[in-house]
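Q: Below is the file run_18.csv, which contains CSV, C-alpha atoms.
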chain,number,residue,atom,x,y,z
A,22,MET,CA,0.0,0.0,0.0
A,23,GLU,CA,1.3,3.4,-0.9
A,24,LEU,CA,0.3,6.9,-0.1
A,25,ARG,CA,-1.1,7.5,-3.5
A,26,HIS,CA,-3.6,4.7,-2.9
A,27,LEU,CA,-4.9,6.5,0.1
A,28,ARG,CA,-5.0,9.8,-1.8
A,29,TYR,CA,-6.9,8.2,-4.6
A,30,PHE,CA,-9.4,6.5,-2.3
A,31,VAL,CA,-10.1,9.7,-0.3
A,32,ALA,CA,-10.6,11.7,-3.5
A,33,VAL,CA,-13.1,9.1,-4.9
A,34,ALA,CA,-14.9,8.9,-1.6
A,35,GLU,CA,-15.3,12.6,-1.3
A,36,GLU,CA,-16.3,13.1,-4.9
A,37,GLY,CA,-18.7,10.1,-5.0
A,38,SER,CA,-17.5,9.4,-8.5
A,39,LEU,CA,-14.5,7.7,-10.1
A,40,LEU,CA,-14.8,9.9,-13.2
A,41,THR,CA,-15.1,13.2,-11.3
A,42,ALA,CA,-12.2,12.3,-9.0
A,43,ALA,CA,-10.0,11.3,-12.0
A,44,ASP,CA,-10.8,14.5,-13.9
A,45,ARG,CA,-11.0,17.2,-11.3
A,46,ARG,CA,-8.9,16.0,-8.4
A,47,LEU,CA,-6.3,13.6,-9.6
A,48,HIS,CA,-5.8,14.4,-13.3
A,49,THR,CA,-5.5,10.8,-14.3
A,50,SER,CA,-7.7,8.5,-16.4
A,51,GLN,CA,-10.7,6.7,-15.0
A,52,PRO,CA,-9.4,3.2,-15.9
A,53,SER,CA,-6.1,3.9,-14.2
A,54,LEU,CA,-7.9,5.2,-11.1
A,55,SER,CA,-10.2,2.1,-11.1
A,56,ARG,CA,-7.2,-0.2,-11.2
A,57,GLN,CA,-5.6,1.6,-8.3
A,58,ILE,CA,-8.7,1.3,-6.2
A,59,ARG,CA,-9.0,-2.4,-7.0
A,60,ASP,CA,-5.4,-2.9,-6.0
A,61,LEU,CA,-6.1,-1.2,-2.7
A,62,GLU,CA,-9.1,-3.4,-2.0
A,63,THR,CA,-7.1,-6.4,-2.9
A,64,GLU,CA,-4.3,-5.3,-0.5
A,65,ILE,CA,-6.8,-4.8,2.4
A,66,GLY,CA,-8.9,-7.8,1.6
A,67,VAL,CA,-12.3,-6.1,1.8
A,68,LYS,CA,-14.5,-4.1,-0.6
A,69,LEU,CA,-14.4,-0.4,0.1
A,70,LEU,CA,-16.7,1.0,-2.6
A,71,GLU,CA,-20.0,0.0,-4.2
A,72,ARG,CA,-20.1,0.8,-7.9
A,73,GLN,CA,-23.5,2.4,-8.8
A,74,PRO,CA,-24.9,3.5,-12.2
A,75,ARG,CA,-24.3,7.2,-11.2
A,76,GLY,CA,-21.2,7.0,-9.1
A,77,VAL,CA,-19.9,5.1,-6.0
A,78,THR,CA,-20.9,4.8,-2.4
A,79,LEU,CA,-18.8,3.6,0.6
A,80,THR,CA,-19.3,0.2,2.1
A,81,ALA,CA,-19.3,-0.1,5.9
A,82,ALA,CA,-15.7,-1.1,5.7
A,83,GLY,CA,-15.0,1.9,3.4
A,84,LYS,CA,-16.5,4.4,5.9
A,85,VAL,CA,-14.1,3.1,8.6
A,86,PHE,CA,-11.1,3.1,6.2
A,87,LEU,CA,-11.9,6.6,5.1
A,88,ASP,CA,-11.4,8.0,8.6
A,89,HIS,CA,-8.1,6.3,9.0
A,90,ALA,CA,-6.9,7.2,5.5
A,91,ARG,CA,-7.6,10.9,6.2
A,92,LEU,CA,-5.7,10.7,9.5
A,93,ALA,CA,-2.8,8.9,7.9
A,94,LEU,CA,-2.5,11.6,5.2
A,95,LEU,CA,-2.8,14.4,7.8
A,96,GLN,CA,0.0,12.8,9.8
A,97,VAL,CA,2.2,12.6,6.7
A,98,GLU,CA,1.5,16.3,6.1
A,99,ALA,CA,2.3,17.2,9.7
A,100,ALA,CA,5.6,15.3,9.5
A,101,ALA,CA,6.6,17.1,6.3
A,102,GLU,CA,5.7,20.5,7.8
A,103,GLY,CA,7.6,19.7,10.9
A,104,ALA,CA,10.7,18.7,8.9
A,105,ARG,CA,10.5,21.9,6.8
A,106,ARG,CA,10.3,24.1,9.9
A,107,ALA,CA,13.2,22.2,11.5
A,108,GLU,CA,15.3,23.0,8.4
A,109,ARG,CA,14.6,26.7,8.9
A,110,PRO,CA,15.9,27.4,12.4
A,111,GLU,CA,17.0,30.9,11.4
A,112,LYS,CA,13.4,31.7,10.7
A,113,GLN,CA,12.0,30.3,14.0
A,114,SER,CA,8.3,31.1,14.3
A,115,PHE,CA,5.5,30.3,16.7
A,116,VAL,CA,2.1,30.0,15.1
A,117,ILE,CA,-0.9,30.6,17.4
A,118,GLY,CA,-4.5,29.8,16.3
A,119,PHE,CA,-7.5,31.5,17.9
A,120,LEU,CA,-11.2,30.8,17.8
A,121,ALA,CA,-12.4,34.0,16.1
A,122,GLY,CA,-13.0,36.7,18.7
A,123,GLN,CA,-10.9,35.1,21.5
A,124,GLU,CA,-7.9,37.2,20.5
A,125,VAL,CA,-9.4,40.1,22.4
A,126,VAL,CA,-9.3,38.2,25.6
A,127,TRP,CA,-6.2,36.0,25.4
A,128,LEU,CA,-3.8,37.4,22.9
A,129,PRO,CA,-2.2,40.2,25.0
A,130,HIS,CA,-1.4,37.8,27.9
A,131,ALA,CA,-0.2,35.1,25.6
A,132,LEU,CA,2.1,37.5,23.7
A,133,ARG,CA,3.7,38.7,27.0
A,134,ILE,CA,4.6,35.1,28.0
A,135,ILE,CA,6.0,34.2,24.6
A,136,ARG,CA,8.1,37.4,24.5
A,137,GLU,CA,9.5,36.6,27.9
A,138,GLU,CA,10.4,33.1,26.8
A,139,ALA,CA,11.6,33.8,23.3
A,140,PRO,CA,12.0,37.5,22.5
A,141,GLU,CA,13.3,36.9,18.9
A,142,VAL,CA,10.7,34.5,17.8
A,143,GLU,CA,8.4,35.5,15.0
A,144,ILE,CA,4.7,35.2,16.1
A,145,ILE,CA,2.1,34.3,13.5
A,146,LEU,CA,-1.6,34.5,14.3
A,147,SER,CA,-4.5,32.6,12.6
A,148,SER,CA,-8.2,33.1,13.4
A,149,GLN,CA,-10.5,30.3,12.4
A,150,SER,CA,-13.4,28.2,13.5
A,151,SER,CA,-12.7,25.6,16.2
A,152,PRO,CA,-12.9,22.5,13.8
A,153,ASP,CA,-10.6,24.2,11.4
A,154,LEU,CA,-8.1,25.0,14.1
A,155,ALA,CA,-8.1,21.4,15.2
A,156,LEU,CA,-7.5,20.3,11.6
A,157,ALA,CA,-4.6,22.8,11.3
A,158,LEU,CA,-3.1,21.3,14.5
A,159,MET,CA,-3.3,17.8,13.1
A,160,ARG,CA,-1.6,19.0,10.0
A,161,GLY,CA,1.2,20.6,11.9
A,162,LYS,CA,0.3,24.1,10.7
A,163,LEU,CA,-0.2,25.6,14.2
A,164,ASP,CA,1.9,25.3,17.3
A,165,VAL,CA,-0.9,26.0,19.7
A,166,ALA,CA,-4.5,27.0,19.4
A,167,PHE,CA,-7.3,28.4,21.7
A,168,LEU,CA,-10.3,26.3,20.7
A,169,ARG,CA,-12.9,23.8,21.9
A,170,PRO,CA,-12.0,20.2,22.8
A,171,GLU,CA,-12.8,18.7,19.3
A,172,THR,CA,-13.4,15.0,19.9
A,173,GLN,CA,-12.3,13.8,16.5
A,174,SER,CA,-8.8,15.4,16.7
A,175,VAL,CA,-6.6,12.3,16.8
A,176,GLY,CA,-3.0,13.2,17.9
A,177,VAL,CA,-4.1,16.5,19.5
A,178,SER,CA,-4.1,17.1,23.2
A,179,PHE,CA,-6.2,19.7,25.0
A,180,LYS,CA,-5.3,21.6,28.1
A,181,PHE,CA,-8.3,23.1,30.0
A,182,LEU,CA,-8.4,26.9,30.3
A,183,ALA,CA,-11.8,28.0,31.3
A,184,LYS,CA,-15.6,27.3,31.3
A,185,GLU,CA,-17.5,30.0,29.4
A,186,PRO,CA,-21.2,30.5,30.2
A,187,LEU,CA,-23.6,30.8,27.3
A,188,ILE,CA,-25.7,34.0,27.0
A,189,ALA,CA,-28.8,34.9,25.0
A,190,VAL,CA,-28.6,37.4,22.2
A,191,LEU,CA,-31.7,39.1,20.8
A,192,PRO,CA,-32.6,42.2,18.8
A,193,ALA,CA,-32.2,45.5,20.6
A,194,ASP,CA,-36.0,46.3,20.2
A,195,HIS,CA,-37.1,42.8,21.3
A,196,ARG,CA,-39.8,42.7,24.0
A,197,LEU,CA,-37.6,40.4,26.2
A,198,THR,CA,-34.8,43.0,26.5
A,199,SER,CA,-36.7,44.6,29.4
A,200,ARG,CA,-35.7,41.5,31.5
A,201,LYS,CA,-32.3,41.2,33.1
A,202,LYS,CA,-32.3,37.4,32.6
A,203,ILE,CA,-34.0,35.3,30.0
A,204,ARG,CA,-35.9,32.2,31.2
A,205,PRO,CA,-35.4,29.0,29.2
A,206,GLN,CA,-39.1,28.8,28.5
A,207,ASP,CA,-38.9,32.2,26.9
A,208,LEU,CA,-36.3,30.9,24.5
A,209,ALA,CA,-38.6,28.0,23.4
A,210,ARG,CA,-41.3,30.4,22.4
A,211,GLU,CA,-39.1,32.5,20.1
A,212,THR,CA,-37.7,32.0,16.6
A,213,TYR,CA,-34.4,30.2,17.4
A,214,VAL,CA,-31.3,31.0,15.3
A,215,SER,CA,-28.4,28.6,15.5
A,216,SER,CA,-24.9,30.0,15.8
A,217,ALA,CA,-23.3,26.6,15.9
A,218,ARG,CA,-23.8,25.0,12.4
A,219,ILE,CA,-20.0,24.6,12.0
A,220,SER,CA,-19.3,24.1,15.7
A,221,PRO,CA,-20.3,20.6,16.8
A,222,VAL,CA,-19.0,21.1,20.4
A,223,LEU,CA,-21.2,24.2,20.9
A,224,GLN,CA,-24.1,22.5,19.2
A,225,SER,CA,-23.9,19.6,21.6
A,226,VAL,CA,-23.7,22.0,24.7
A,227,ILE,CA,-26.9,23.8,23.5
A,228,GLN,CA,-28.8,20.6,22.8
A,229,ASP,CA,-27.8,19.2,26.2
A,230,TYR,CA,-29.0,22.4,27.9
A,231,ALA,CA,-32.3,22.3,26.1
A,232,THR,CA,-32.8,18.7,27.2
A,233,ASN,CA,-31.9,19.4,30.8
A,234,VAL,CA,-34.3,22.4,31.1
A,235,GLY,CA,-37.1,20.6,29.2
A,236,ILE,CA,-37.4,22.8,26.1
A,237,THR,CA,-37.0,22.3,22.4
A,238,LEU,CA,-34.6,24.5,20.5
A,239,LYS,CA,-35.1,23.7,16.8
A,240,ALA,CA,-33.2,26.1,14.6
A,241,GLU,CA,-35.4,27.8,12.0
A,242,TYR,CA,-32.3,29.6,10.7
A,243,GLU,CA,-28.6,28.6,10.9
A,244,GLY,CA,-25.6,30.9,10.7
A,245,ASP,CA,-22.2,29.8,9.6
A,246,GLY,CA,-20.7,31.5,12.7
A,247,LEU,CA,-21.4,34.3,15.1
A,248,PRO,CA,-21.5,37.3,12.6
A,249,SER,CA,-24.0,35.6,10.4
A,250,ALA,CA,-26.0,34.5,13.4
A,251,MET,CA,-26.2,38.1,14.6
A,252,SER,CA,-27.4,39.2,11.2
A,253,LEU,CA,-30.1,36.5,11.3
A,254,VAL,CA,-31.2,37.5,14.8
A,255,VAL,CA,-31.7,41.1,13.6
A,256,SER,CA,-33.5,40.2,10.3
A,257,THR,CA,-35.8,37.5,11.8
A,258,GLY,CA,-36.4,39.0,15.3
A,259,GLY,CA,-35.2,35.7,16.7
A,260,VAL,CA,-32.8,34.7,19.5
A,261,THR,CA,-29.6,32.8,19.7
A,262,LEU,CA,-27.2,31.4,22.3
A,263,ILE,CA,-23.5,32.3,22.2
A,264,PRO,CA,-20.5,31.9,24.5
A,265,LEU,CA,-19.9,34.8,26.8
A,266,TYR,CA,-16.7,36.0,25.2
A,267,ALA,CA,-18.6,36.8,22.0
A,268,GLN,CA,-20.3,39.8,23.7
A,269,ASN,CA,-17.2,41.7,22.5
A,270,MET,CA,-18.4,41.1,18.9
A,271,LEU,CA,-22.0,42.4,19.4
A,272,THR,CA,-23.3,45.1,17.1
A,273,PRO,CA,-25.4,48.0,18.4
A,274,ASN,CA,-28.7,46.5,17.0
A,275,VAL,CA,-28.5,43.4,19.3
A,276,VAL,CA,-28.2,43.0,23.1
A,277,ALA,CA,-27.1,40.2,25.4
A,278,ARG,CA,-28.8,38.8,28.4
A,279,ALA,CA,-27.8,36.2,31.0
A,280,LEU,CA,-29.9,33.0,31.2
A,281,GLU,CA,-32.0,32.4,34.4
A,282,GLY,CA,-30.9,29.6,36.5
A,283,VAL,CA,-27.7,27.6,36.0
A,284,PRO,CA,-26.4,28.5,32.5
A,285,PRO,CA,-24.8,26.0,30.2
A,286,THR,CA,-21.1,26.3,29.8
A,287,ILE,CA,-18.6,25.4,27.1
A,288,ASP,CA,-14.9,24.6,27.6
A,289,LEU,CA,-12.1,26.6,26.2
A,290,THR,CA,-8.8,24.8,25.8
A,291,LEU,CA,-5.3,25.1,24.6
A,292,GLY,CA,-4.8,22.5,21.8
A,293,TYR,CA,-1.4,21.2,20.5
A,294,ASN,CA,-0.1,18.4,18.4
A,295,ASP,CA,1.4,15.6,20.5
A,296,SER,CA,4.3,15.2,18.1
A,297,ASN,CA,5.3,18.9,18.2
A,298,SER,CA,8.7,18.9,19.9
A,299,SER,CA,9.0,22.7,20.1
A,300,PRO,CA,10.7,23.7,23.4
A,301,LEU,CA,8.9,27.0,23.3
A,302,LEU,CA,5.6,25.2,23.1
A,303,ARG,CA,6.4,23.2,26.2
A,304,ARG,CA,7.4,26.4,28.1
A,305,PHE,CA,4.3,28.1,27.0
A,306,LEU,CA,2.1,25.2,28.2
A,307,SER,CA,3.9,25.1,31.5
A,308,ARG,CA,2.7,28.7,32.1
A,309,SER,CA,-0.9,28.1,31.2
A,310,ASP,CA,-2.0,28.5,34.8
A,311,GLU,CA,-0.4,31.9,34.9
A,312,LEU,CA,-2.0,32.8,31.6
A,313,VAL,CA,-5.5,31.9,33.0
A,314,ALA,CA,-4.9,33.9,36.2
A,315,ASN,CA,-3.9,37.0,34.3
A,316,VAL,CA,-7.0,36.8,32.1
A,317,GLN,CA,-9.3,36.2,35.0
A,318,ASN,CA,-7.8,39.2,36.9
A,319,GLN,CA,-7.7,41.7,34.1
A,320,SER,CA,-10.4,40.8,31.6
A,321,ILE,CA,-13.9,42.2,31.6
A,322,ILE,CA,-15.1,38.7,30.7
A,323,ARG,CA,-16.1,36.7,33.7
A,324,TYR,CA,-15.8,33.0,33.2
A,325,ALA,CA,-17.8,30.4,35.3
A,326,GLU,CA,-16.3,28.9,38.4
A,327,VAL,CA,-14.7,25.5,37.7
A,328,PRO,CA,-16.7,22.9,39.8
A,329,TYR,CA,-13.7,20.6,40.2
Could you write out this file's structure as structure tokens?
A:
Amino acid sequence: MELRHLRYFVAVAEEGSLLTAADRRLHTSQPSLSRQIRDLETEIGVKLLERQPRGVTLTAAGKVFLDHARLALLQVEAAAEGARRAERPEKQSFVIGFLAGQEVVWLPHALRIIREEAPEVEIILSSQSSPDLALALMRGKLDVAFLRPETQSVGVSFKFLAKEPLIAVLPADHRLTSRKKIRPQDLARETYVSSARISPVLQSVIQDYATNVGITLKAEYEGDGLPSAMSLVVSTGGVTLIPLYAQNMLTPNVVARALEGVPPTIDLTLGYNDSNSSPLLRRFLSRSDELVANVQNQSIIRYAEVPY
């Protein structure tokens, strides 16, 4: 089995078609691609794809193999990136990823620690969604990231930083803005806008909260992220739930309110690739308690008390 077999299989699985994968992704002929896939199936000893009149579908074995094939390719990419960076010691850099909006809270304190540990290092910042940050860590593109504990991130470790309460966001002229806190039952009566379409961890926290308080939050509209969710809240007159840090991103036509009772919380973590041998990364992680303390003392954001 060779890496090209894995690349070919992933391309076919994602395109759902041998012809499309051959033409658009792999720039090879369909007969050659079909032969490579047959060779792979022979090597493994199981059928990975079902040939259909209009494409291909994965077998049960193919679905399992696809996850491992993707991971193997990511690990190869991470190894290559690590080797390239090791070859450029004169251009030492430290790449930090942030869940978009968290920079306001954590970046000043993170920069101070890094400057104390390595004054000459080049610091590169990247703001993305939490799943994209986890993927970048797996690929070796980031040294460390402030993100959610993404469960599918094989080879990535997460160091707990803080629990963030969720808050309700609604239009500035909404009738519920007269209340200091929003009851869960009030949420269930309103048009609900999801802010978590591309954030499975946040989606899970919200659904667990709804189940615990006995309400149903079925999204009538879904935003790709916080900015689009805010726009939908204003245009539909609906409500959404967001982590507390995102109140820094609110526009004047929306307001935030705390939730009555015990609010749901979502973890914020420091993520890093287990194979990253950077001494600066280790020193930065060793000072994470100091980082948290500085944020708690100086930030206007108030995180929830950790119950353990």
Q: Using all atoms listed in the file, pick whichever of A:Pro221, A:Arg59, A:Val226, A:Ser215 has the shortest atom-to-atom distance to A:Lys239.
A: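 Nearest candidate to A:Lys239 out of A:Pro221, A:Arg59, A:Val226, A:Ser215: A:Ser215.
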Q: Considering all atoms listed in the file, return as a PDB file with C-alpha atoms, keeping the file's coordinate frame whatever protein or nucleic-acid residues lie within 7 Å of stretch 284-290 of chain A, sequence-local ones (same chain, fewer than 6 positions apart) excluded.
A:
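Below is the file around08.pdb, written as the result:
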ATOM      1  CA  PHE A 167      -7.300  28.400  21.700  1.00  0.00           C
ATOM      2  CA  LEU A 168     -10.300  26.300  20.700  1.00  0.00           C
ATOM      3  CA  ARG A 169     -12.900  23.800  21.900  1.00  0.00           C
ATOM      4  CA  PRO A 170     -12.000  20.200  22.800  1.00  0.00           C
ATOM      5  CA  PHE A 179      -6.200  19.700  25.000  1.00  0.00           C
ATOM      6  CA  LYS A 180      -5.300  21.600  28.100  1.00  0.00           C
ATOM      7  CA  PHE A 181      -8.300  23.100  30.000  1.00  0.00           C
ATOM      8  CA  LEU A 182      -8.400  26.900  30.300  1.00  0.00           C
ATOM      9  CA  ALA A 183     -11.800  28.000  31.300  1.00  0.00           C
ATOM     10  CA  LYS A 184     -15.600  27.300  31.300  1.00  0.00           C
ATOM     11  CA  GLU A 185     -17.500  30.000  29.400  1.00  0.00           C
ATOM     12  CA  PRO A 186     -21.200  30.500  30.200  1.00  0.00           C
ATOM     13  CA  LEU A 187     -23.600  30.800  27.300  1.00  0.00           C
ATOM     14  CA  LEU A 223     -21.200  24.200  20.900  1.00  0.00           C
ATOM     15  CA  VAL A 226     -23.700  22.000  24.700  1.00  0.00           C
ATOM     16  CA  TYR A 230     -29.000  22.400  27.900  1.00  0.00           C
TER      17      TYR A 230
END
Q: To one decimal in Å, tell me the separation between atom CA of A:Ala279 and atom CA of A:Lys201.
A: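 These two atoms are separated by 7.0 Å.
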Q: Please return as a list in words every residue within 8 Å of (-16.7, 16.6, 21.1), taking into account all atoms listed in the file and the file's own coordinates.
A: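 Residues with an atom close enough to that point: Pro170, Glu171, Thr172, Gln173, Pro221, Val222 and Ser225 of chain A.
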Q: Tell me which protein, DNA and RNA residues are within 9 Å of A:Phe119, counting all atoms listed in the file, leaving out same-chain ones fewer than 2 positions away, and put them as a PDB file with C-alpha atoms, in the coordinates of the input.
A:
ATOM      1  CA  ILE A 117      -0.900  30.600  17.400  1.00  0.00           C
ATOM      2  CA  ALA A 121     -12.400  34.000  16.100  1.00  0.00           C
ATOM      3  CA  GLY A 122     -13.000  36.700  18.700  1.00  0.00           C
ATOM      4  CA  GLN A 123     -10.900  35.100  21.500  1.00  0.00           C
ATOM      5  CA  GLU A 124      -7.900  37.200  20.500  1.00  0.00           C
ATOM      6  CA  TRP A 127      -6.200  36.000  25.400  1.00  0.00           C
ATOM      7  CA  LEU A 128      -3.800  37.400  22.900  1.00  0.00           C
ATOM      8  CA  LEU A 146      -1.600  34.500  14.300  1.00  0.00           C
ATOM      9  CA  SER A 147      -4.500  32.600  12.600  1.00  0.00           C
ATOM     10  CA  SER A 148      -8.200  33.100  13.400  1.00  0.00           C
ATOM     11  CA  GLN A 149     -10.500  30.300  12.400  1.00  0.00           C
ATOM     12  CA  SER A 150     -13.400  28.200  13.500  1.00  0.00           C
ATOM     13  CA  SER A 151     -12.700  25.600  16.200  1.00  0.00           C
ATOM     14  CA  LEU A 154      -8.100  25.000  14.100  1.00  0.00           C
ATOM     15  CA  VAL A 165      -0.900  26.000  19.700  1.00  0.00           C
ATOM     16  CA  ALA A 166      -4.500  27.000  19.400  1.00  0.00           C
ATOM     17  CA  PHE A 167      -7.300  28.400  21.700  1.00  0.00           C
ATOM     18  CA  LEU A 168     -10.300  26.300  20.700  1.00  0.00           C
TER      19      LEU A 168
END
Q: What lies within 7 Å of A:Ala209 using only C-alpha atoms, ignoring chain neighbours under 4 positions off, as a list in words?
A: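 Here the answer would be Pro205, Ile236, Thr237 and Leu238 of chain A.
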Q: Please report the interatomic distance between atom CA of A:Leu92 and atom CA of A:Ser296 in Å with one decimal.
A: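 Atom-to-atom, atom CA of A:Leu92 to atom CA of A:Ser296, that is 13.9 Å.
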Q: At what distance in Å, to one decimal, does atom CA of A:Ile144 lie from atom CA of A:Leu301?
A: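 Distance between the two atoms: 11.7 Å.
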Q: Can you pull out every residue within 8 Å of stretch 76-82 of chain A, counting only C-alpha atoms, but drop anything in the same chain fewer than 3 positions away, and send it as a compact mmCIF listing (two decimals) with C-alpha atoms, in the frame of the given file?
A:
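Ended up saving to around10.txt:
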# COMPACT_ATOMS: atom_id res chain seq x y z
CA VAL A 33 -13.10 9.10 -4.90
CA ALA A 34 -14.90 8.90 -1.60
CA GLY A 37 -18.70 10.10 -5.00
CA SER A 38 -17.50 9.40 -8.50
CA LEU A 39 -14.50 7.70 -10.10
CA VAL A 67 -12.30 -6.10 1.80
CA LYS A 68 -14.50 -4.10 -0.60
CA LEU A 69 -14.40 -0.40 0.10
CA LEU A 70 -16.70 1.00 -2.60
CA GLU A 71 -20.00 0.00 -4.20
CA ARG A 72 -20.10 0.80 -7.90
CA GLN A 73 -23.50 2.40 -8.80
CA VAL A 85 -14.10 3.10 8.60
CA PHE A 86 -11.10 3.10 6.20
Q: Write out as a list in words the residues lying within 10 Å of A:Arg218, counting only C-alpha atoms and excluding same-chain residues fewer than 4 positions away.
A: Leu223, Gln224, Ala240, Tyr242, Glu243, Gly244, Asp245, Gly246, Leu247 and Ala250 of chain A
Q: Just checking: using all atoms listed in the file, which residue out of A:Ser309, A:Thr63, A:Ser114, A:Thr232 ends up closest to A:His130?
A: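 Distance minimum relative to A:His130 lands on A:Ser309.
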Q: With all atoms listed in the file as the atoms that count, which of A:Lys202, A:Glu23, A:Leu271, A:Asp207 lies nearest to A:Val97?
A: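 Of A:Lys202, A:Glu23, A:Leu271, A:Asp207, the one nearest A:Val97, counting all atoms listed in the file, is A:Glu23.
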Q: I'd like to know which of A:Leu27, A:Ala189, A:Ala101, A:Leu262 is closest to A:Ala217, using only C-alpha atoms.
A: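 Result for the nearest residue to A:Ala217: A:Leu262.
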